[in-house]
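Heads up, upload01.cif below (mmCIF, C-alpha atoms):
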data_data
#
loop_
_atom_site.group_PDB
_atom_site.id
_atom_site.type_symbol
_atom_site.label_atom_id
_atom_site.label_comp_id
_atom_site.auth_asym_id
_atom_site.auth_seq_id
_atom_site.Cartn_x
_atom_site.Cartn_y
_atom_site.Cartn_z
ATOM 1 C CA MET A 28 85.556 109.505 143.473
ATOM 2 C CA ASP A 29 86.829 112.870 144.621
ATOM 3 C CA TYR A 30 87.553 113.679 148.260
ATOM 4 C CA LYS A 31 84.501 115.896 148.844
ATOM 5 C CA SER A 32 82.098 113.305 147.391
ATOM 6 C CA TRP A 33 83.737 110.590 149.471
ATOM 7 C CA ILE A 34 83.145 112.565 152.680
ATOM 8 C CA PHE A 35 79.478 113.082 151.807
ATOM 9 C CA ALA A 36 79.031 109.415 150.870
ATOM 10 C CA LEU A 37 80.396 108.266 154.244
ATOM 11 C CA ASN A 38 77.191 109.244 156.050
ATOM 12 C CA ALA A 39 78.783 107.719 159.133
ATOM 13 C CA ASP A 40 77.658 106.991 162.669
ATOM 14 C CA LYS A 41 81.183 106.659 164.064
ATOM 15 C CA PRO A 42 84.096 109.082 164.058
ATOM 16 C CA ARG A 43 87.126 108.236 161.902
ATOM 17 C CA PHE A 44 90.452 109.574 160.711
ATOM 18 C CA LEU A 45 90.312 111.436 157.430
ATOM 19 C CA HIS A 46 93.701 112.906 156.577
ATOM 20 C CA THR A 47 96.915 114.544 157.689
ATOM 21 C CA ALA A 48 97.913 117.755 155.933
ATOM 22 C CA LEU A 49 101.397 119.084 155.258
ATOM 23 C CA ARG A 50 102.421 122.290 153.539
ATOM 24 C CA VAL A 51 104.501 121.886 150.427
ATOM 25 C CA ARG A 52 106.356 124.420 148.324
ATOM 26 C CA ASN A 53 106.528 122.784 144.942
ATOM 27 C CA ILE A 54 103.644 120.586 143.815
ATOM 28 C CA ASP A 55 105.609 118.897 141.026
ATOM 29 C CA ALA A 56 108.430 117.955 143.389
ATOM 30 C CA ALA A 57 105.951 116.685 145.987
ATOM 31 C CA LEU A 58 104.098 114.549 143.423
ATOM 32 C CA ARG A 59 107.368 113.172 142.123
ATOM 33 C CA PHE A 60 108.185 111.930 145.643
ATOM 34 C CA TYR A 61 104.760 110.635 146.703
ATOM 35 C CA VAL A 62 103.352 109.388 143.370
ATOM 36 C CA ASP A 63 106.410 108.420 141.307
ATOM 37 C CA GLY A 64 108.521 107.432 144.307
ATOM 38 C CA LEU A 65 106.145 105.865 146.805
ATOM 39 C CA GLY A 66 103.252 104.889 144.580
ATOM 40 C CA LEU A 67 100.455 106.898 146.172
ATOM 41 C CA MET A 68 97.614 107.894 143.868
ATOM 42 C CA LEU A 69 96.352 111.434 143.429
ATOM 43 C CA PHE A 70 92.634 111.292 144.210
ATOM 44 C CA ASP A 71 91.761 114.941 144.142
ATOM 45 C CA ARG A 72 93.262 118.316 143.304
ATOM 46 C CA ILE A 73 91.346 121.353 144.492
ATOM 47 C CA GLU A 74 92.263 124.898 143.493
ATOM 48 C CA ILE A 75 90.752 127.262 146.055
ATOM 49 C CA GLU A 76 90.940 130.567 144.209
ATOM 50 C CA HIS A 77 89.681 132.828 146.981
ATOM 51 C CA LEU A 78 92.195 131.433 149.472
ATOM 52 C CA ARG A 79 94.974 131.195 146.872
ATOM 53 C CA VAL A 80 95.789 127.635 147.838
ATOM 54 C CA THR A 81 95.945 124.239 146.126
ATOM 55 C CA ALA A 82 95.006 121.099 148.061
ATOM 56 C CA LEU A 83 96.020 117.635 146.843
ATOM 57 C CA PHE A 84 94.591 114.442 148.332
ATOM 58 C CA LEU A 85 96.760 111.350 147.949
ATOM 59 C CA GLY A 86 96.415 107.795 149.181
ATOM 60 C CA PHE A 87 96.783 104.128 148.364
ATOM 61 C CA GLU A 88 93.047 103.520 148.199
ATOM 62 C CA VAL A 89 89.922 105.547 148.817
ATOM 63 C CA GLY A 90 89.080 105.682 152.492
ATOM 64 C CA ALA A 91 92.252 104.103 153.833
ATOM 65 C CA GLY A 92 93.750 107.400 154.981
ATOM 66 C CA PHE A 93 94.646 110.388 152.903
ATOM 67 C CA LEU A 94 97.685 112.574 152.880
ATOM 68 C CA GLU A 95 96.700 116.148 152.062
ATOM 69 C CA LEU A 96 99.403 118.327 150.552
ATOM 70 C CA VAL A 97 98.654 122.027 150.765
ATOM 71 C CA CYS A 98 100.440 124.565 148.598
ATOM 72 C CA TYR A 99 99.913 128.253 149.361
ATOM 73 C CA TRP A 100 100.450 130.191 146.142
ATOM 74 C CA ASP A 101 101.982 133.260 147.756
ATOM 75 C CA THR A 102 103.999 131.802 150.620
ATOM 76 C CA ASP A 103 107.749 132.187 150.579
ATOM 77 C CA ALA A 104 108.704 131.611 154.213
ATOM 78 C CA PRO A 105 110.709 128.446 154.862
ATOM 79 C CA TYR A 106 108.757 125.630 156.493
ATOM 80 C CA THR A 107 109.745 124.266 159.866
ATOM 81 C CA HIS A 108 109.839 120.510 160.275
ATOM 82 C CA ARG A 109 110.944 119.864 163.843
ATOM 83 C CA PRO A 110 110.143 119.887 166.642
ATOM 84 C CA GLY A 111 106.372 119.717 166.480
ATOM 85 C CA TYR A 112 105.665 117.778 163.332
ATOM 86 C CA ASN A 113 107.386 114.461 163.886
ATOM 87 C CA HIS A 114 106.699 112.105 160.976
ATOM 88 C CA ALA A 115 104.072 110.201 159.033
ATOM 89 C CA ALA A 116 104.415 106.444 158.504
ATOM 90 C CA ILE A 117 103.751 104.322 155.434
ATOM 91 C CA GLY A 118 103.962 100.550 155.450
ATOM 92 C CA VAL A 119 105.559 98.861 152.425
ATOM 93 C CA PRO A 120 105.853 95.163 151.533
ATOM 94 C CA ASN A 121 109.492 95.436 150.470
ATOM 95 C CA LEU A 122 111.400 98.076 152.375
ATOM 96 C CA ASN A 123 114.810 97.537 150.742
ATOM 97 C CA ALA A 124 113.400 97.745 147.211
ATOM 98 C CA ILE A 125 111.593 101.019 147.874
ATOM 99 C CA LEU A 126 114.692 102.511 149.521
ATOM 100 C CA ASP A 127 116.787 101.538 146.479
ATOM 101 C CA LYS A 128 114.235 103.184 144.200
ATOM 102 C CA LEU A 129 114.021 106.372 146.271
ATOM 103 C CA GLU A 130 117.790 106.606 146.543
ATOM 104 C CA ALA A 131 118.090 106.318 142.754
ATOM 105 C CA MET A 132 115.682 109.271 142.543
ATOM 106 C CA GLY A 133 117.962 111.330 144.765
ATOM 107 C CA VAL A 134 115.875 111.057 147.944
ATOM 108 C CA GLU A 135 117.795 111.424 151.202
ATOM 109 C CA ILE A 136 117.694 108.289 153.377
ATOM 110 C CA THR A 137 118.136 109.645 156.907
ATOM 111 C CA SER A 138 118.042 106.299 158.680
ATOM 112 C CA ARG A 139 118.653 102.813 157.230
ATOM 113 C CA PRO A 140 116.323 99.923 158.185
ATOM 114 C CA SER A 141 116.611 99.068 161.840
ATOM 115 C CA VAL A 142 114.482 97.754 164.696
ATOM 116 C CA SER A 143 114.129 100.471 167.344
ATOM 117 C CA ILE A 144 112.422 98.336 169.968
ATOM 118 C CA GLN A 145 112.263 94.604 170.501
ATOM 119 C CA GLY A 146 109.436 92.974 168.569
ATOM 120 C CA ALA A 147 108.956 95.868 166.142
ATOM 121 C CA ALA A 148 109.126 95.628 162.354
ATOM 122 C CA PRO A 149 112.192 97.047 160.549
ATOM 123 C CA ALA A 150 111.770 100.721 159.712
ATOM 124 C CA ALA A 151 113.727 103.408 157.860
ATOM 125 C CA PHE A 152 113.356 107.182 157.632
ATOM 126 C CA VAL A 153 113.533 109.323 154.503
ATOM 127 C CA LYS A 154 112.968 113.007 153.736
ATOM 128 C CA ASP A 155 110.251 114.033 151.316
ATOM 129 C CA ALA A 156 110.665 116.829 148.758
ATOM 130 C CA ASP A 157 109.955 119.461 151.439
ATOM 131 C CA GLY A 158 112.130 117.870 154.102
ATOM 132 C CA TYR A 159 109.366 116.205 156.128
ATOM 133 C CA ALA A 160 110.404 113.015 157.903
ATOM 134 C CA LEU A 161 108.616 109.935 156.595
ATOM 135 C CA GLU A 162 108.915 106.530 158.268
ATOM 136 C CA LEU A 163 108.806 103.491 155.987
ATOM 137 C CA VAL A 164 107.922 100.257 157.770
ATOM 138 C CA GLN A 165 108.307 96.693 156.459
ATOM 139 C CA ILE A 166 104.811 95.124 156.446
ATOM 140 C CA ARG A 167 105.456 91.785 154.733
ATOM 141 C CA ASN A 168 107.159 88.953 156.569
ATOM 142 C CA GLY A 169 109.255 86.482 154.630
ATOM 143 C CA MET B 3 96.119 93.939 169.850
ATOM 144 C CA ASP B 4 99.118 96.193 170.323
ATOM 145 C CA TYR B 5 100.593 98.272 167.518
ATOM 146 C CA LYS B 6 103.701 96.146 166.963
ATOM 147 C CA SER B 7 101.701 92.908 166.733
ATOM 148 C CA TRP B 8 99.277 94.569 164.350
ATOM 149 C CA ILE B 9 102.113 95.541 161.994
ATOM 150 C CA PHE B 10 103.466 91.987 161.987
ATOM 151 C CA ALA B 11 100.025 90.509 161.438
ATOM 152 C CA LEU B 12 99.446 92.689 158.347
ATOM 153 C CA ASN B 13 101.797 90.588 156.224
ATOM 154 C CA ALA B 14 100.714 92.799 153.325
ATOM 155 C CA ASP B 15 101.323 92.857 149.591
ATOM 156 C CA LYS B 16 100.297 96.480 149.158
ATOM 157 C CA PRO B 17 101.613 99.652 150.778
ATOM 158 C CA ARG B 18 99.347 101.497 153.221
ATOM 159 C CA PHE B 19 99.245 104.393 155.630
ATOM 160 C CA LEU B 20 100.118 103.514 159.200
ATOM 161 C CA HIS B 21 100.184 106.625 161.374
ATOM 162 C CA THR B 22 100.988 110.286 161.791
ATOM 163 C CA ALA B 23 103.157 111.254 164.750
ATOM 164 C CA LEU B 24 103.116 114.485 166.728
ATOM 165 C CA ARG B 25 105.281 115.498 169.660
ATOM 166 C CA VAL B 26 103.441 116.241 172.864
ATOM 167 C CA ARG B 27 104.639 117.737 176.127
ATOM 168 C CA ASN B 28 102.200 116.365 178.642
ATOM 169 C CA ILE B 29 100.787 112.881 178.135
ATOM 170 C CA ASP B 30 97.894 113.352 180.568
ATOM 171 C CA ALA B 31 96.783 116.561 178.861
ATOM 172 C CA ALA B 32 97.075 114.928 175.428
ATOM 173 C CA LEU B 33 95.024 111.892 176.501
ATOM 174 C CA ARG B 34 92.402 114.136 178.046
ATOM 175 C CA PHE B 35 91.945 115.858 174.677
ATOM 176 C CA TYR B 36 92.105 112.824 172.375
ATOM 177 C CA VAL B 37 90.517 110.119 174.558
ATOM 178 C CA ASP B 38 88.152 111.984 176.879
ATOM 179 C CA GLY B 39 87.372 114.767 174.400
ATOM 180 C CA LEU B 40 87.348 113.123 170.989
ATOM 181 C CA GLY B 41 86.751 109.499 171.887
ATOM 182 C CA LEU B 42 89.878 107.912 170.418
ATOM 183 C CA MET B 43 91.067 104.723 172.107
ATOM 184 C CA LEU B 44 94.567 104.156 173.401
ATOM 185 C CA PHE B 45 95.802 100.992 171.665
ATOM 186 C CA ASP B 46 99.396 100.946 172.780
ATOM 187 C CA ARG B 47 101.789 102.742 175.085
ATOM 188 C CA ILE B 48 105.466 102.030 174.577
ATOM 189 C CA GLU B 49 108.159 103.274 176.954
ATOM 190 C CA ILE B 50 111.461 103.263 175.079
ATOM 191 C CA GLU B 51 113.934 103.490 177.957
ATOM 192 C CA HIS B 52 117.129 103.761 175.896
ATOM 193 C CA LEU B 53 115.729 106.638 173.828
ATOM 194 C CA ARG B 54 113.961 108.227 176.835
ATOM 195 C CA VAL B 55 110.711 108.579 174.919
ATOM 196 C CA THR B 56 107.098 107.411 175.318
ATOM 197 C CA ALA B 57 105.039 106.570 172.219
ATOM 198 C CA LEU B 58 101.236 106.349 172.391
ATOM 199 C CA PHE B 59 99.152 104.894 169.555
ATOM 200 C CA LEU B 60 95.550 106.084 169.390
ATOM 201 C CA GLY B 61 92.743 105.456 166.964
ATOM 202 C CA PHE B 62 89.056 104.749 166.519
ATOM 203 C CA GLU B 63 89.602 101.136 165.472
ATOM 204 C CA VAL B 64 92.588 98.936 164.790
ATOM 205 C CA GLY B 65 93.945 99.466 161.301
ATOM 206 C CA ALA B 66 91.877 102.498 160.394
ATOM 207 C CA GLY B 67 94.716 104.971 160.897
ATOM 208 C CA PHE B 68 96.648 105.672 164.042
ATOM 209 C CA LEU B 69 97.694 108.906 165.636
ATOM 210 C CA GLU B 70 101.054 108.470 167.362
ATOM 211 C CA LEU B 71 101.811 110.877 170.186
ATOM 212 C CA VAL B 72 105.474 111.038 171.091
ATOM 213 C CA CYS B 73 106.671 112.450 174.381
ATOM 214 C CA TYR B 74 110.402 113.010 174.844
ATOM 215 C CA TRP B 75 111.168 112.782 178.551
ATOM 216 C CA ASP B 76 113.930 115.393 178.587
ATOM 217 C CA THR B 77 112.718 117.923 176.022
ATOM 218 C CA ASP B 78 111.890 121.416 177.172
ATOM 219 C CA ALA B 79 112.028 123.445 173.938
ATOM 220 C CA PRO B 80 108.684 124.836 172.799
ATOM 221 C CA TYR B 81 107.139 123.019 169.832
ATOM 222 C CA THR B 82 106.478 124.802 166.570
ATOM 223 C CA HIS B 83 103.109 124.263 164.928
ATOM 224 C CA ARG B 84 103.104 126.351 161.785
ATOM 225 C CA PRO B 85 104.124 126.603 159.071
ATOM 226 C CA GLY B 86 105.083 123.058 158.137
ATOM 227 C CA TYR B 87 102.699 120.915 160.115
ATOM 228 C CA ASN B 88 99.292 122.005 158.916
ATOM 229 C CA HIS B 89 96.590 119.874 160.548
ATOM 230 C CA ALA B 90 95.155 116.390 160.948
ATOM 231 C CA ALA B 91 91.476 115.734 160.204
ATOM 232 C CA ILE B 92 88.951 113.614 162.042
ATOM 233 C CA GLY B 93 85.428 113.029 160.787
ATOM 234 C CA VAL B 94 82.608 113.085 163.345
ATOM 235 C CA PRO B 95 78.901 112.273 162.922
ATOM 236 C CA ASN B 96 77.753 115.277 164.948
ATOM 237 C CA LEU B 97 80.060 118.243 164.644
ATOM 238 C CA ASN B 98 78.091 120.677 166.828
ATOM 239 C CA ALA B 99 77.779 118.209 169.706
ATOM 240 C CA ILE B 100 81.511 117.468 169.782
ATOM 241 C CA LEU B 101 82.349 121.176 169.623
ATOM 242 C CA ASP B 102 80.021 121.842 172.580
ATOM 243 C CA LYS B 103 81.707 119.061 174.533
ATOM 244 C CA LEU B 104 85.230 120.242 173.724
ATOM 245 C CA GLU B 105 84.358 123.834 174.543
ATOM 246 C CA ALA B 106 83.001 122.729 177.939
ATOM 247 C CA MET B 107 86.395 121.070 178.522
ATOM 248 C CA GLY B 108 88.154 124.363 177.841
ATOM 249 C CA VAL B 109 89.384 123.507 174.337
ATOM 250 C CA GLU B 110 89.985 126.477 172.028
ATOM 251 C CA ILE B 111 87.728 126.479 168.950
ATOM 252 C CA THR B 112 89.753 128.395 166.378
ATOM 253 C CA SER B 113 87.182 128.222 163.588
ATOM 254 C CA ARG B 114 83.430 127.557 163.847
ATOM 255 C CA PRO B 115 81.769 125.145 161.364
ATOM 256 C CA SER B 116 81.851 126.514 157.844
ATOM 257 C CA VAL B 117 82.055 125.285 154.265
ATOM 258 C CA SER B 118 85.332 126.438 152.729
ATOM 259 C CA ILE B 119 84.600 125.348 149.169
ATOM 260 C CA GLN B 120 81.375 124.616 147.356
ATOM 261 C CA GLY B 121 80.263 121.022 147.785
ATOM 262 C CA ALA B 122 82.426 120.336 150.847
ATOM 263 C CA ALA B 123 81.156 119.116 154.219
ATOM 264 C CA PRO B 124 81.029 121.599 157.142
ATOM 265 C CA ALA B 125 84.304 121.680 159.065
ATOM 266 C CA ALA B 126 85.669 123.391 162.171
ATOM 267 C CA PHE B 127 89.157 123.755 163.595
ATOM 268 C CA VAL B 128 90.244 123.283 167.207
ATOM 269 C CA LYS B 129 93.580 123.258 169.032
ATOM 270 C CA ASP B 130 94.718 120.145 170.849
ATOM 271 C CA ALA B 131 96.490 120.228 174.230
ATOM 272 C CA ASP B 132 99.808 121.068 172.544
ATOM 273 C CA GLY B 133 98.387 123.649 170.169
ATOM 274 C CA TYR B 134 98.242 121.472 167.043
ATOM 275 C CA ALA B 135 95.469 122.365 164.625
ATOM 276 C CA LEU B 136 92.871 119.645 164.242
ATOM 277 C CA GLU B 137 90.112 119.788 161.632
ATOM 278 C CA LEU B 138 86.762 118.263 162.605
ATOM 279 C CA VAL B 139 84.555 117.395 159.632
ATOM 280 C CA GLN B 140 80.832 116.539 159.682
ATOM 281 C CA ILE B 141 80.463 113.015 158.232
ATOM 282 C CA ARG B 142 76.762 112.327 158.777
ATOM 283 C CA ASN B 143 74.131 113.931 156.586
ATOM 284 C CA GLY B 144 70.710 114.661 158.017
#

Before we go any further, please render this structure as structure tokens.
Amino acid sequence: MDYKSWIFALNADKPRFLHTALRVRNIDAALRFYVDGLGLMLFDRIEIEHLRVTALFLGFEVGAGFLELVCYWDTDAPYTHRPGYNHAAIGVPNLNAILDKLEAMGVEITSRPSVSIQGAAPAAFVKDADGYALELVQIRNG
Amino acid sequence: MDYKSWIFALNADKPRFLHTALRVRNIDAALRFYVDGLGLMLFDRIEIEHLRVTALFLGFEVGAGFLELVCYWDTDAPYTHRPGYNHAAIGVPNLNAILDKLEAMGVEITSRPSVSIQGAAPAAFVKDADGYALELVQIRNG
């Protein structure tokens, strides 16, 4: 199901989160990180000719939160990452395995797994293909 | 259930989205927009003394995507909003009613409801208390 059809099919009585959008420069590099690296699926790719922009909708399953990656065809200016945009977070069952995989792909690990506050799950930070901070959180115990 | 306990309780075998984090300057102003204006609930407020930062976790229901608002106690630098961070999207059953309410609260409506591509649901854009773009999408038909 594509993203537009999913929105229409919701026909909802309560508000809900839909997606977070980030601008990316290179679609192939972004897909390599999010699809090949982190295992997200590409649910929809929309070429908006009159706005000269491509929008990609990625996620782990339909309706459980989308990441929208937006690529402006004619933009050359460098993207800012901080302050302002802080990070997005993805939970993974095996944090060390995914970090090993990403590192083998050349991804920069900016912070190794650690527990920032008492009682929290271990989390690491990596940079995506455009330099956005992404938090990876361990979501399986034992 | 607080955010940390929720993460531990997941004990998941599949990866999933957890949250998107934005930096905010004024917690009261941010809560006025997201809680009073948009109806999100505050699930957790964590004061991290040693990092001198407050983290707020908001959402419509536990597990259906969180927005994390991060307030650094000692930061004064203005936050950048574009390019880089693009927007987050929230679906609402009645787009015109929520826009009327937000406008009455003094929120800036940057784009009135329109359909950007054929087959898409009507969407508007507003600015939150820190100037971040937020897309509001109609998710009830008729």

inquiry  = Report as a ChimeraX atom specification all protein, DNA and RNA residues lying within 8 Å of Val153 in chain A, evaluated on all atoms listed in the file, omitting residues in the same chain fewer than 5 positions from it.
reply    = /A:134-138,160-163

task = One decimal, Å: what's the distance from CA of Trp33 in chain A over to CA of Leu20 in chain B, could you say?
result =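 Between these atoms lies a distance of 20.3 Å.
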
request  = Taking the file as shown, find all residues satisfying the PyMOL selection byres ((chain B and resi 50) around 12) and write them as a PyMOL selection string.
outcome  = (chain A and resi 143-145+147) or (chain B and resi 47-49+51-58+72-75)

Using the chain letters and numbers from the file, which residues does the PyMOL selection byres ((chain A and resi 164) around 7) grab, as a compact mmCIF listing (two decimals) with C-alpha atoms, in the frame of the given file?
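The resulting file, expr05.txt, is reproduced below:
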# COMPACT_ATOMS: atom_id res chain seq x y z
CA ILE A 117 103.75 104.32 155.43
CA GLY A 118 103.96 100.55 155.45
CA VAL A 119 105.56 98.86 152.43
CA LEU A 122 111.40 98.08 152.38
CA ALA A 148 109.13 95.63 162.35
CA PRO A 149 112.19 97.05 160.55
CA ALA A 150 111.77 100.72 159.71
CA ALA A 151 113.73 103.41 157.86
CA GLU A 162 108.92 106.53 158.27
CA LEU A 163 108.81 103.49 155.99
CA GLN A 165 108.31 96.69 156.46
CA ILE A 166 104.81 95.12 156.45

key: Matched chain/residue IDs from the PyMOL selection byres ((chain B) within 8 of (chain A)), as a PyMOL selection string   = chain B and resi 6-7+9-10+12-26+50+61-62+66-67+81-95+119+121-123+141-143

query = So what do you get for CA of Phe59 in chain B versus CA of Glu105 in chain B, distance-wise?
reply =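 Between CA of Phe59 in chain B and CA of Glu105 in chain B the gap works out to 24.5 Å.
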
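Distance-wise, CA of Lys103 in chain B and CA of Gly39 in chain B end up 7.1 Å apart.
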
Determine the axis-aligned bounding box of all atoms of range 31-44 of chain B present in the file, pad each side by 6 Å, and express its centre and edge lengths in Å to one decimal place as AutoDock Vina command-line options.
--center_x 91.9 --center_y 110.4 --center_z 174.6 --size_x 22.3 --size_y 24.4 --size_z 20.4

Write out as a JSON list (two decimals) with C-alpha atoms, in the frame of the given file which residues come within 12 Å of Gly108 in chain B when counting only C-alpha atoms, dropping same-chain ones fewer than 6 positions away.
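Saved as part16.json:
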[["chain", "number", "residue", "atom", "x", "y", "z"],
["B", 31, "ALA", "CA", 96.78, 116.56, 178.86],
["B", 34, "ARG", "CA", 92.40, 114.14, 178.05],
["B", 35, "PHE", "CA", 91.94, 115.86, 174.68],
["B", 39, "GLY", "CA", 87.37, 114.77, 174.40],
["B", 101, "LEU", "CA", 82.35, 121.18, 169.62],
["B", 102, "ASP", "CA", 80.02, 121.84, 172.58],
["B", 128, "VAL", "CA", 90.24, 123.28, 167.21],
["B", 129, "LYS", "CA", 93.58, 123.26, 169.03],
["B", 130, "ASP", "CA", 94.72, 120.14, 170.85],
["B", 131, "ALA", "CA", 96.49, 120.23, 174.23]]
